[in-house]
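Inspection log for the structure reproduced underneath, given as structure tokens.
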There are 2 protein chains.
Amino acid sequence: MTTEGAESGSGPGLHSHVLDTIGLAIAAGEYPPGSVLRTDEIAERFDASRTVVREVVRVLESMHLVESRRRVGVTVRPADAWNVYDPRVIRWRLAGPDRPRQLRSLTVLRSAIEPVAAGLAATLATPQHCADLTAAALGMVRTSRGHQLEDYLRYDIAFHRVVLNASGNEMFARLGDVVAEVLTGRTEHEVMFHDPDPAAVTLHVQVAEAVREGDAARAEALTRRIAVGALEELDVLLAP
Amino acid sequence: MTTEGAESGSGPGLHSHVLDTIGLAIAAGEYPPGSVLRTDEIAERFDASRTVVREVVRVLESMHLVESRRRVGVTVRPADAWNVYDPRVIRWRLAGPDRPRQLRSLTVLRSAIEPVAAGLAATLATPQHCADLTAAALGMVRTSRGHQLEDYLRYDIAFHRVVLNASGNEMFARLGDVVAEVLTGRTEHEVMFHDPDPAAVTLHVQVAEAVREGDAARAEALTRRIAVGALEELDVLLAP
DNA sequence: GAAGCGCATTAAATAGTACGTATTCAAGCC
DNA sequence: GGCTTGAATACGTACTATTTAATGCGCTTC
């Protein structure tokens, strides 16, 4: 291991590496709120120039993870100040010990957003959206038995992404990545032994139907049932 | 000379000034997607050093507003790649010509989030939360007549912020600023001549009641009615 | 005389500047 | 098609300016 490890996730370059490492450490609670990081100390730790570190600090500051004040240093801000909607912050927190709480927060968020998105999608979806949605639902049915969890996950993600995109709301659409992250996390942590709940699969198919038929109320209600089910499933998985 | 006045909004320092100006310009569509900004050109425009510009570009890149590639320059990314949950991006877009669309997106987001948040708040709110909520609702009642729109707005913002905080969900809580922005925007653009809808005021009081009594279903339903009302009001205001 | 308060001084850290080399990578040339 | 080249960012070094917490000194007050 020669001062290395550049492949972290974000992208190429020294900058991304340092950013990812520090962001991960802060999200993991290795630096508690109020603790100070000095720029040249970081520079030394990563064998990087002060310029790179400054850029990293600026980005971290833009996420409200840290606050840079003169004469005192770069201080870590309390978690309730963080930009929790930044995909990087979400990834960092999901990778740390706070993962369960974070997963639950995100699932509750989903349960609020997705039903409304589905309702909107029912009135706004283009034929292409409907086709994609039906295809995804069909794929879920096809892979719902026989330990094809990986493929099932792919279709599941695609399904929810289409719903969010078809809602016509940019704020909803941008949550596609979050949903993907949550679903992936669930599959990874779930007991990989049993196939998905058949009732949930049926609900997805019915949502696709409702959207196709333009039945907003039904699409919303069905999606709400999916979301509630997902939340219950998560709580069962997390709490006991 | 120095080409510019410094006070823009974000914070002190050259960095914030440059960031704010460029972010605003991009959000306003002055640089269409695909157009390139060269770093030294920016440095010259603001009479700043290349280092400062580099930091700004890095932050802009972290918001997915631009993409920096060698040999080609800093290219503006299409709007659907932007981090629309970043408060800075929201402010920039609300300040530009895209304001109506943005305001509607955010209001739809509110209509999805707030009812669920209110439902959660009903079961999770602390006595302090209940007190704050009731105080805010009372304040709204008190200022709902006689052209005290400014004070009314203050209580309105406080009310929704308490609901979001009391929901116990960090993702919801972080939307307090967004809601504040939307409410402020509404008051500013609305005809300042008539007082707020009395029915809406009553609904707020009833939500406070429901939360106090721990009636989640009622709190959610009432908040949904508030949200729907706000959306309709906005559409009336925007469309014709 | 000791405790407390105000004010100037200092030093530690970031903010900002200037300029250099390294690395891409797209375009143009052979 | 492969090679060269140049235009741009990526990264680094070295420096100055600015801010501001902490220090310490002197003055006042009890």
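Residue names in the structure tokens use chain letters A, B, ... in the order shown, residue numbers from 1 in each chain, and ligand numbers from 1 in the order shown.
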Item to check | Within 8 Å of chain B: residues of chain A, using only C-alpha atoms, as a VMD selection string | outcome: chain A and resid 51 54 to 55 58 to 59 62 80 83 to 86 105 to 106 108 to 109 112 to 113 116 169 to 172 174
Store the residues picked out above in a file with N, CA and C atoms, as a PDB file, in the first residue's frame.
```
ATOM      1  N   THR A  51      -3.611  23.592  -1.833  1.00  0.00           N
ATOM      2  CA  THR A  51      -4.633  24.048  -2.771  1.00  0.00           C
ATOM      3  C   THR A  51      -5.751  23.027  -2.902  1.00  0.00           C
ATOM      4  N   ARG A  54      -7.814  22.955   0.151  1.00  0.00           N
ATOM      5  CA  ARG A  54      -8.717  24.108   0.227  1.00  0.00           C
ATOM      6  C   ARG A  54      -9.967  23.892  -0.610  1.00  0.00           C
ATOM      7  N   GLU A  55      -9.787  23.320  -1.783  1.00  0.00           N
ATOM      8  CA  GLU A  55     -10.945  23.048  -2.635  1.00  0.00           C
ATOM      9  C   GLU A  55     -11.882  22.061  -1.944  1.00  0.00           C
ATOM     10  N   ARG A  58     -13.761  23.716   0.730  1.00  0.00           N
ATOM     11  CA  ARG A  58     -14.835  24.551   0.183  1.00  0.00           C
ATOM     12  C   ARG A  58     -16.057  23.725  -0.174  1.00  0.00           C
ATOM     13  N   VAL A  59     -15.840  22.576  -0.766  1.00  0.00           N
ATOM     14  CA  VAL A  59     -16.975  21.728  -1.130  1.00  0.00           C
ATOM     15  C   VAL A  59     -17.667  21.198   0.122  1.00  0.00           C
ATOM     16  N   SER A  62     -19.743  23.788   1.431  1.00  0.00           N
ATOM     17  CA  SER A  62     -20.969  23.986   0.661  1.00  0.00           C
ATOM     18  C   SER A  62     -22.008  22.935   1.013  1.00  0.00           C
ATOM     19  N   ASP A  80     -27.371  18.074  12.214  1.00  0.00           N
ATOM     20  CA  ASP A  80     -28.638  18.655  11.772  1.00  0.00           C
ATOM     21  C   ASP A  80     -28.439  19.874  10.885  1.00  0.00           C
ATOM     22  N   ASN A  83     -26.418  19.071   4.667  1.00  0.00           N
ATOM     23  CA  ASN A  83     -27.269  19.023   3.481  1.00  0.00           C
ATOM     24  C   ASN A  83     -27.639  17.583   3.182  1.00  0.00           C
ATOM     25  N   VAL A  84     -28.618  17.063   3.906  1.00  0.00           N
ATOM     26  CA  VAL A  84     -28.865  15.626   3.799  1.00  0.00           C
ATOM     27  C   VAL A  84     -29.449  15.205   2.458  1.00  0.00           C
ATOM     28  N   TYR A  85     -29.763  16.171   1.610  1.00  0.00           N
ATOM     29  CA  TYR A  85     -30.272  15.802   0.285  1.00  0.00           C
ATOM     30  C   TYR A  85     -29.162  15.679  -0.752  1.00  0.00           C
ATOM     31  N   ASP A  86     -27.955  16.042  -0.365  1.00  0.00           N
ATOM     32  CA  ASP A  86     -26.842  15.888  -1.297  1.00  0.00           C
ATOM     33  C   ASP A  86     -26.529  14.400  -1.439  1.00  0.00           C
ATOM     34  N   SER A 105     -35.119   7.131   7.647  1.00  0.00           N
ATOM     35  CA  SER A 105     -35.493   8.481   7.222  1.00  0.00           C
ATOM     36  C   SER A 105     -35.831   8.506   5.739  1.00  0.00           C
ATOM     37  N   LEU A 106     -34.994   7.864   4.957  1.00  0.00           N
ATOM     38  CA  LEU A 106     -35.190   7.887   3.507  1.00  0.00           C
ATOM     39  C   LEU A 106     -36.448   7.122   3.122  1.00  0.00           C
ATOM     40  N   VAL A 108     -39.149   6.770   4.954  1.00  0.00           N
ATOM     41  CA  VAL A 108     -40.282   7.630   5.292  1.00  0.00           C
ATOM     42  C   VAL A 108     -40.454   8.704   4.224  1.00  0.00           C
ATOM     43  N   LEU A 109     -39.340   9.255   3.794  1.00  0.00           N
ATOM     44  CA  LEU A 109     -39.407  10.249   2.722  1.00  0.00           C
ATOM     45  C   LEU A 109     -40.067   9.649   1.490  1.00  0.00           C
ATOM     46  N   ALA A 112     -43.731   9.368   1.641  1.00  0.00           N
ATOM     47  CA  ALA A 112     -44.449  10.623   1.450  1.00  0.00           C
ATOM     48  C   ALA A 112     -44.486  11.015  -0.024  1.00  0.00           C
ATOM     49  N   ILE A 113     -43.355  10.806  -0.700  1.00  0.00           N
ATOM     50  CA  ILE A 113     -43.223  11.307  -2.061  1.00  0.00           C
ATOM     51  C   ILE A 113     -43.891  10.408  -3.103  1.00  0.00           C
ATOM     52  N   VAL A 116     -47.701  10.435  -4.089  1.00  0.00           N
ATOM     53  CA  VAL A 116     -48.074  11.658  -4.802  1.00  0.00           C
ATOM     54  C   VAL A 116     -47.518  11.625  -6.225  1.00  0.00           C
ATOM     55  N   ASN A 169     -42.430  16.274 -12.082  1.00  0.00           N
ATOM     56  CA  ASN A 169     -41.889  17.205 -11.083  1.00  0.00           C
ATOM     57  C   ASN A 169     -40.388  16.955 -10.915  1.00  0.00           C
ATOM     58  N   GLU A 170     -39.633  17.965 -11.213  1.00  0.00           N
ATOM     59  CA  GLU A 170     -38.177  17.811 -11.190  1.00  0.00           C
ATOM     60  C   GLU A 170     -37.653  17.422  -9.815  1.00  0.00           C
ATOM     61  N   MET A 171     -38.302  17.942  -8.763  1.00  0.00           N
ATOM     62  CA  MET A 171     -37.868  17.604  -7.408  1.00  0.00           C
ATOM     63  C   MET A 171     -38.068  16.116  -7.141  1.00  0.00           C
ATOM     64  N   PHE A 172     -39.180  15.591  -7.608  1.00  0.00           N
ATOM     65  CA  PHE A 172     -39.426  14.165  -7.446  1.00  0.00           C
ATOM     66  C   PHE A 172     -38.435  13.356  -8.279  1.00  0.00           C
ATOM     67  N   ARG A 174     -35.519  13.910  -9.177  1.00  0.00           N
ATOM     68  CA  ARG A 174     -34.158  13.853  -8.653  1.00  0.00           C
ATOM     69  C   ARG A 174     -34.010  12.889  -7.488  1.00  0.00           C
TER      70      ARG A 174
END
```
Item to check | Residues of stretch 2-219 of chain B in alpha helix (DSSP H), written as a PyMOL selection string | outcome: chain B and resi 14-27+39-46+50-62+87-94+99-124+127-142+149-166+170-173+176-189+198-213+216-219
Checklist entry - Neighbours of D:DC3 within 10 Å (only C-alpha atoms (C1' of nucleotides); same-chain residues fewer than 2 positions away dropped), as JSON, numbers by chain? => result {"C": [29, 30], "D": [1, 5]}
Both chains have the same sequence, so superpose chain A on chain B over all Cα atoms paired in order and return it as an mmCIF file with C-alpha atoms, in the first residue's frame.
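Resulting contents of result_35.cif:
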```cif
data_model
loop_
_atom_site.group_PDB
_atom_site.id
_atom_site.type_symbol
_atom_site.label_atom_id
_atom_site.label_comp_id
_atom_site.auth_asym_id
_atom_site.auth_seq_id
_atom_site.Cartn_x
_atom_site.Cartn_y
_atom_site.Cartn_z
ATOM 1 C CA MET A 1 -19.044 51.195 -9.080
ATOM 2 C CA THR A 2 -15.458 50.134 -8.621
ATOM 3 C CA THR A 3 -15.177 46.453 -9.564
ATOM 4 C CA GLU A 4 -17.486 45.848 -6.626
ATOM 5 C CA GLY A 5 -20.705 44.491 -5.328
ATOM 6 C CA ALA A 6 -19.545 41.993 -2.774
ATOM 7 C CA GLU A 7 -22.840 41.815 -0.871
ATOM 8 C CA SER A 8 -24.712 39.111 -2.693
ATOM 9 C CA GLY A 9 -26.209 36.925 -0.057
ATOM 10 C CA SER A 10 -24.173 33.844 0.721
ATOM 11 C CA GLY A 11 -21.461 35.107 2.941
ATOM 12 C CA PRO A 12 -18.415 37.255 3.111
ATOM 13 C CA GLY A 13 -15.401 36.903 0.933
ATOM 14 C CA LEU A 14 -14.488 36.912 -2.673
ATOM 15 C CA HIS A 15 -15.270 33.249 -3.089
ATOM 16 C CA SER A 16 -18.931 33.607 -2.157
ATOM 17 C CA HIS A 17 -19.309 36.585 -4.411
ATOM 18 C CA VAL A 18 -17.991 34.825 -7.488
ATOM 19 C CA LEU A 19 -19.884 31.654 -6.674
ATOM 20 C CA ASP A 20 -23.140 33.477 -6.218
ATOM 21 C CA THR A 21 -22.784 35.515 -9.377
ATOM 22 C CA ILE A 22 -21.942 32.572 -11.599
ATOM 23 C CA GLY A 23 -24.495 30.293 -9.989
ATOM 24 C CA LEU A 24 -27.150 32.927 -10.467
ATOM 25 C CA ALA A 25 -26.180 33.411 -14.102
ATOM 26 C CA ILE A 26 -26.295 29.695 -14.824
ATOM 27 C CA ALA A 27 -29.617 29.234 -13.041
ATOM 28 C CA ALA A 28 -31.006 32.174 -14.984
ATOM 29 C CA GLY A 29 -30.103 30.446 -18.207
ATOM 30 C CA GLU A 30 -27.551 33.035 -19.263
ATOM 31 C CA TYR A 31 -25.203 30.181 -20.042
ATOM 32 C CA PRO A 32 -27.264 27.528 -21.823
ATOM 33 C CA PRO A 33 -26.411 23.873 -21.270
ATOM 34 C CA GLY A 34 -23.322 22.866 -23.141
ATOM 35 C CA SER A 35 -21.752 26.296 -23.196
ATOM 36 C CA VAL A 36 -18.238 26.504 -21.902
ATOM 37 C CA LEU A 37 -16.650 28.798 -19.346
ATOM 38 C CA ARG A 38 -12.921 28.831 -19.128
ATOM 39 C CA THR A 39 -11.407 29.329 -15.716
ATOM 40 C CA ASP A 40 -9.026 32.105 -16.652
ATOM 41 C CA GLU A 41 -11.802 33.913 -18.468
ATOM 42 C CA ILE A 42 -13.827 33.869 -15.250
ATOM 43 C CA ALA A 43 -10.782 34.946 -13.287
ATOM 44 C CA GLU A 44 -10.398 37.938 -15.542
ATOM 45 C CA ARG A 45 -14.082 38.807 -15.420
ATOM 46 C CA PHE A 46 -14.073 39.005 -11.648
ATOM 47 C CA ASP A 47 -10.518 40.194 -11.242
ATOM 48 C CA ALA A 48 -9.882 37.192 -9.038
ATOM 49 C CA SER A 49 -7.064 34.718 -8.906
ATOM 50 C CA ARG A 50 -7.286 31.399 -10.666
ATOM 51 C CA THR A 51 -7.195 29.656 -7.313
ATOM 52 C CA VAL A 52 -10.430 31.245 -6.187
ATOM 53 C CA VAL A 53 -12.048 30.452 -9.504
ATOM 54 C CA ARG A 54 -10.969 26.863 -9.217
ATOM 55 C CA GLU A 55 -12.598 26.583 -5.820
ATOM 56 C CA VAL A 56 -15.785 28.079 -7.207
ATOM 57 C CA VAL A 57 -15.763 25.668 -10.116
ATOM 58 C CA ARG A 58 -15.301 22.786 -7.720
ATOM 59 C CA VAL A 59 -18.317 23.817 -5.690
ATOM 60 C CA LEU A 60 -20.376 24.374 -8.819
ATOM 61 C CA GLU A 61 -19.298 20.954 -9.950
ATOM 62 C CA SER A 62 -20.388 19.451 -6.638
ATOM 63 C CA MET A 63 -23.836 20.899 -7.307
ATOM 64 C CA HIS A 64 -23.782 19.324 -10.768
ATOM 65 C CA LEU A 65 -24.315 22.707 -12.345
ATOM 66 C CA VAL A 66 -21.163 22.354 -14.387
ATOM 67 C CA GLU A 67 -18.779 19.666 -15.483
ATOM 68 C CA SER A 68 -15.084 20.378 -15.738
ATOM 69 C CA ARG A 69 -13.228 18.439 -18.390
ATOM 70 C CA ARG A 70 -9.704 18.871 -19.546
ATOM 71 C CA ARG A 71 -8.908 20.373 -22.833
ATOM 72 C CA VAL A 72 -12.524 21.511 -23.226
ATOM 73 C CA GLY A 73 -13.305 23.749 -20.264
ATOM 74 C CA VAL A 74 -16.071 24.105 -17.734
ATOM 75 C CA THR A 75 -19.282 23.085 -19.478
ATOM 76 C CA VAL A 76 -22.720 23.906 -18.136
ATOM 77 C CA ARG A 77 -24.808 20.823 -17.496
ATOM 78 C CA PRO A 78 -28.496 20.516 -18.420
ATOM 79 C CA ALA A 79 -30.929 21.549 -15.721
ATOM 80 C CA ASP A 80 -32.132 18.031 -15.049
ATOM 81 C CA ALA A 81 -28.721 17.158 -13.679
ATOM 82 C CA TRP A 82 -28.681 19.934 -11.120
ATOM 83 C CA ASN A 83 -28.853 19.280 -7.405
ATOM 84 C CA VAL A 84 -32.205 20.956 -7.034
ATOM 85 C CA TYR A 85 -32.302 20.257 -3.311
ATOM 86 C CA ASP A 86 -29.277 22.415 -2.627
ATOM 87 C CA PRO A 87 -30.598 25.553 -0.916
ATOM 88 C CA ARG A 88 -28.270 27.713 -2.992
ATOM 89 C CA VAL A 89 -29.562 26.256 -6.234
ATOM 90 C CA ILE A 90 -33.118 26.791 -5.038
ATOM 91 C CA ARG A 91 -32.390 30.409 -4.221
ATOM 92 C CA TRP A 92 -30.684 30.981 -7.553
ATOM 93 C CA ARG A 93 -33.533 29.486 -9.512
ATOM 94 C CA LEU A 94 -36.129 31.378 -7.507
ATOM 95 C CA ALA A 95 -34.302 34.576 -8.367
ATOM 96 C CA GLY A 96 -34.376 33.877 -12.090
ATOM 97 C CA PRO A 97 -36.900 33.632 -14.880
ATOM 98 C CA ASP A 98 -37.647 30.019 -13.982
ATOM 99 C CA ARG A 99 -39.224 31.184 -10.761
ATOM 100 C CA PRO A 100 -42.854 30.207 -11.516
ATOM 101 C CA ARG A 101 -42.014 26.629 -12.469
ATOM 102 C CA GLN A 102 -39.713 26.317 -9.510
ATOM 103 C CA LEU A 103 -42.311 27.692 -7.141
ATOM 104 C CA ARG A 104 -44.807 25.169 -8.401
ATOM 105 C CA SER A 105 -42.396 22.253 -8.118
ATOM 106 C CA LEU A 106 -41.624 23.221 -4.552
ATOM 107 C CA THR A 107 -45.276 23.621 -3.653
ATOM 108 C CA VAL A 108 -46.055 20.167 -5.013
ATOM 109 C CA LEU A 109 -43.171 18.855 -2.966
ATOM 110 C CA ARG A 110 -44.651 20.545 0.092
ATOM 111 C CA SER A 111 -48.033 19.017 -0.624
ATOM 112 C CA ALA A 112 -46.434 15.593 -0.539
ATOM 113 C CA ILE A 113 -44.236 16.100 2.496
ATOM 114 C CA GLU A 114 -46.113 18.238 4.956
ATOM 115 C CA PRO A 115 -49.192 16.070 5.481
ATOM 116 C CA VAL A 116 -47.011 13.097 6.297
ATOM 117 C CA ALA A 117 -44.852 15.264 8.531
ATOM 118 C CA ALA A 118 -47.911 16.524 10.377
ATOM 119 C CA GLY A 119 -49.126 12.977 10.903
ATOM 120 C CA LEU A 120 -45.799 11.988 12.381
ATOM 121 C CA ALA A 121 -45.681 15.132 14.457
ATOM 122 C CA ALA A 122 -49.014 14.235 16.034
ATOM 123 C CA THR A 123 -47.466 11.164 17.617
ATOM 124 C CA LEU A 124 -43.960 12.459 18.205
ATOM 125 C CA ALA A 125 -44.319 16.119 19.135
ATOM 126 C CA THR A 126 -42.891 17.131 22.495
ATOM 127 C CA PRO A 127 -44.835 19.482 24.759
ATOM 128 C CA GLN A 128 -42.484 22.219 23.629
ATOM 129 C CA HIS A 129 -43.323 21.523 20.001
ATOM 130 C CA CYS A 130 -47.033 21.657 20.806
ATOM 131 C CA ALA A 131 -46.596 24.939 22.606
ATOM 132 C CA ASP A 132 -44.653 26.457 19.729
ATOM 133 C CA LEU A 133 -47.166 25.183 17.230
ATOM 134 C CA THR A 134 -50.127 26.591 19.139
ATOM 135 C CA ALA A 135 -48.336 29.886 19.590
ATOM 136 C CA ALA A 136 -47.657 30.103 15.863
ATOM 137 C CA ALA A 137 -51.267 29.276 15.003
ATOM 138 C CA LEU A 138 -52.479 31.873 17.483
ATOM 139 C CA GLY A 139 -50.142 34.399 15.964
ATOM 140 C CA MET A 140 -51.560 33.647 12.542
ATOM 141 C CA VAL A 141 -55.064 34.231 13.816
ATOM 142 C CA ARG A 142 -54.037 37.471 15.452
ATOM 143 C CA THR A 143 -52.407 38.857 12.304
ATOM 144 C CA SER A 144 -54.839 37.470 9.756
ATOM 145 C CA ARG A 145 -56.802 40.698 9.495
ATOM 146 C CA GLY A 146 -55.779 44.235 8.823
ATOM 147 C CA HIS A 147 -52.924 44.016 6.357
ATOM 148 C CA GLN A 148 -50.349 42.579 8.719
ATOM 149 C CA LEU A 149 -49.098 40.279 6.022
ATOM 150 C CA GLU A 150 -45.492 40.494 7.112
ATOM 151 C CA ASP A 151 -46.166 39.336 10.639
ATOM 152 C CA TYR A 152 -48.605 36.747 9.363
ATOM 153 C CA LEU A 153 -45.881 35.365 7.109
ATOM 154 C CA ARG A 154 -43.517 35.088 10.066
ATOM 155 C CA TYR A 155 -45.995 33.026 12.052
ATOM 156 C CA ASP A 156 -46.860 30.954 9.004
ATOM 157 C CA ILE A 157 -43.233 30.068 8.444
ATOM 158 C CA ALA A 158 -42.742 29.298 12.121
ATOM 159 C CA PHE A 159 -45.796 27.029 12.081
ATOM 160 C CA HIS A 160 -44.635 24.902 9.195
ATOM 161 C CA ARG A 161 -41.103 24.773 10.506
ATOM 162 C CA VAL A 162 -42.291 23.396 13.831
ATOM 163 C CA VAL A 163 -44.375 20.740 12.082
ATOM 164 C CA LEU A 164 -41.402 19.634 10.006
ATOM 165 C CA ASN A 165 -39.086 19.581 13.003
ATOM 166 C CA ALA A 166 -41.588 17.766 15.201
ATOM 167 C CA SER A 167 -41.932 15.018 12.605
ATOM 168 C CA GLY A 168 -38.690 13.583 13.905
ATOM 169 C CA ASN A 169 -37.432 13.031 10.386
ATOM 170 C CA GLU A 170 -34.238 14.826 9.533
ATOM 171 C CA MET A 171 -35.053 14.857 5.821
ATOM 172 C CA PHE A 172 -38.317 16.620 6.530
ATOM 173 C CA ALA A 173 -36.755 19.001 9.006
ATOM 174 C CA ARG A 174 -34.240 20.181 6.437
ATOM 175 C CA LEU A 175 -37.060 21.366 4.195
ATOM 176 C CA GLY A 176 -37.917 24.149 6.619
ATOM 177 C CA ASP A 177 -35.855 26.621 4.655
ATOM 178 C CA VAL A 178 -37.495 25.584 1.410
ATOM 179 C CA VAL A 179 -40.941 26.117 2.854
ATOM 180 C CA ALA A 180 -39.888 29.482 4.193
ATOM 181 C CA GLU A 181 -38.667 30.443 0.763
ATOM 182 C CA VAL A 182 -41.892 29.367 -0.910
ATOM 183 C CA LEU A 183 -44.107 31.141 1.591
ATOM 184 C CA THR A 184 -42.058 34.302 1.348
ATOM 185 C CA GLY A 185 -42.201 34.148 -2.414
ATOM 186 C CA ARG A 186 -45.940 33.751 -2.343
ATOM 187 C CA THR A 187 -46.478 36.730 -0.073
ATOM 188 C CA GLU A 188 -44.165 38.856 -2.145
ATOM 189 C CA HIS A 189 -45.864 38.068 -5.415
ATOM 190 C CA GLU A 190 -49.379 37.872 -4.169
ATOM 191 C CA VAL A 191 -51.593 40.866 -4.368
ATOM 192 C CA MET A 192 -50.787 42.525 -1.111
ATOM 193 C CA PHE A 193 -54.279 43.912 -0.862
ATOM 194 C CA HIS A 194 -56.366 41.171 0.651
ATOM 195 C CA ASP A 195 -55.859 39.351 3.914
ATOM 196 C CA PRO A 196 -55.175 35.603 4.004
ATOM 197 C CA ASP A 197 -58.004 33.169 3.455
ATOM 198 C CA PRO A 198 -59.792 32.726 6.809
ATOM 199 C CA ALA A 199 -60.428 29.083 6.014
ATOM 200 C CA ALA A 200 -56.680 28.469 5.749
ATOM 201 C CA VAL A 201 -56.114 30.161 9.094
ATOM 202 C CA THR A 202 -58.729 27.959 10.702
ATOM 203 C CA LEU A 203 -57.114 24.878 9.208
ATOM 204 C CA HIS A 204 -53.803 25.807 10.792
ATOM 205 C CA VAL A 205 -55.434 26.174 14.186
ATOM 206 C CA GLN A 206 -57.099 22.812 13.752
ATOM 207 C CA VAL A 207 -53.828 21.182 12.783
ATOM 208 C CA ALA A 208 -52.297 22.497 15.974
ATOM 209 C CA GLU A 209 -55.218 21.008 17.876
ATOM 210 C CA ALA A 210 -54.900 17.654 16.174
ATOM 211 C CA VAL A 211 -51.183 17.480 16.857
ATOM 212 C CA ARG A 212 -51.738 18.411 20.481
ATOM 213 C CA GLU A 213 -54.336 15.682 20.813
ATOM 214 C CA GLY A 214 -52.143 13.147 19.044
ATOM 215 C CA ASP A 215 -54.662 12.602 16.268
ATOM 216 C CA ALA A 216 -52.331 11.683 13.438
ATOM 217 C CA ALA A 217 -54.961 10.939 10.813
ATOM 218 C CA ARG A 218 -56.710 14.240 11.405
ATOM 219 C CA ALA A 219 -53.475 16.216 11.436
ATOM 220 C CA GLU A 220 -52.491 14.649 8.147
ATOM 221 C CA ALA A 221 -55.849 15.203 6.502
ATOM 222 C CA LEU A 222 -56.034 18.827 7.616
ATOM 223 C CA THR A 223 -52.518 19.562 6.470
ATOM 224 C CA ARG A 224 -53.313 17.971 3.151
ATOM 225 C CA ARG A 225 -56.175 20.395 2.806
ATOM 226 C CA ILE A 226 -53.839 23.279 3.559
ATOM 227 C CA ALA A 227 -51.387 22.030 0.949
ATOM 228 C CA VAL A 228 -54.038 21.515 -1.708
ATOM 229 C CA GLY A 229 -55.354 24.985 -1.013
ATOM 230 C CA ALA A 230 -51.895 26.468 -1.340
ATOM 231 C CA LEU A 231 -51.375 24.692 -4.640
ATOM 232 C CA GLU A 232 -54.682 25.897 -6.031
ATOM 233 C CA GLU A 233 -53.963 29.397 -4.888
ATOM 234 C CA LEU A 234 -50.598 29.297 -6.593
ATOM 235 C CA ASP A 235 -52.071 28.012 -9.833
ATOM 236 C CA VAL A 236 -54.659 30.747 -9.839
ATOM 237 C CA LEU A 237 -51.905 33.223 -9.265
ATOM 238 C CA LEU A 238 -49.572 31.782 -11.854
ATOM 239 C CA ALA A 239 -51.604 30.551 -14.765
ATOM 240 C CA PRO A 240 -54.106 33.173 -15.802
#
```
Next on the checklist: as a PyMOL selection string, please: every residue in stretch 24-131 of chain A that a backbone DSSP assignment puts in strand (DSSP E).
Outcome noted: chain A and resi 36-37+66-69+73-76
Excluding C:DG4 and its own-chain neighbours fewer than 5 positions away, which residues fall within 10 Å of it when counting only C-alpha atoms (C1' of nucleotides)? Please give them as a compact mmCIF listing (two decimals) with C-alpha atoms (C1' of nucleotides), in the first residue's frame.
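Heads up, here's the output in out_19.txt:
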```
# COMPACT_ATOMS: atom_id res chain seq x y z
C1' DT D 28 -9.24 50.72 38.20
C1' DT D 29 -11.93 49.39 42.10
C1' DC D 30 -13.03 47.42 46.51
```
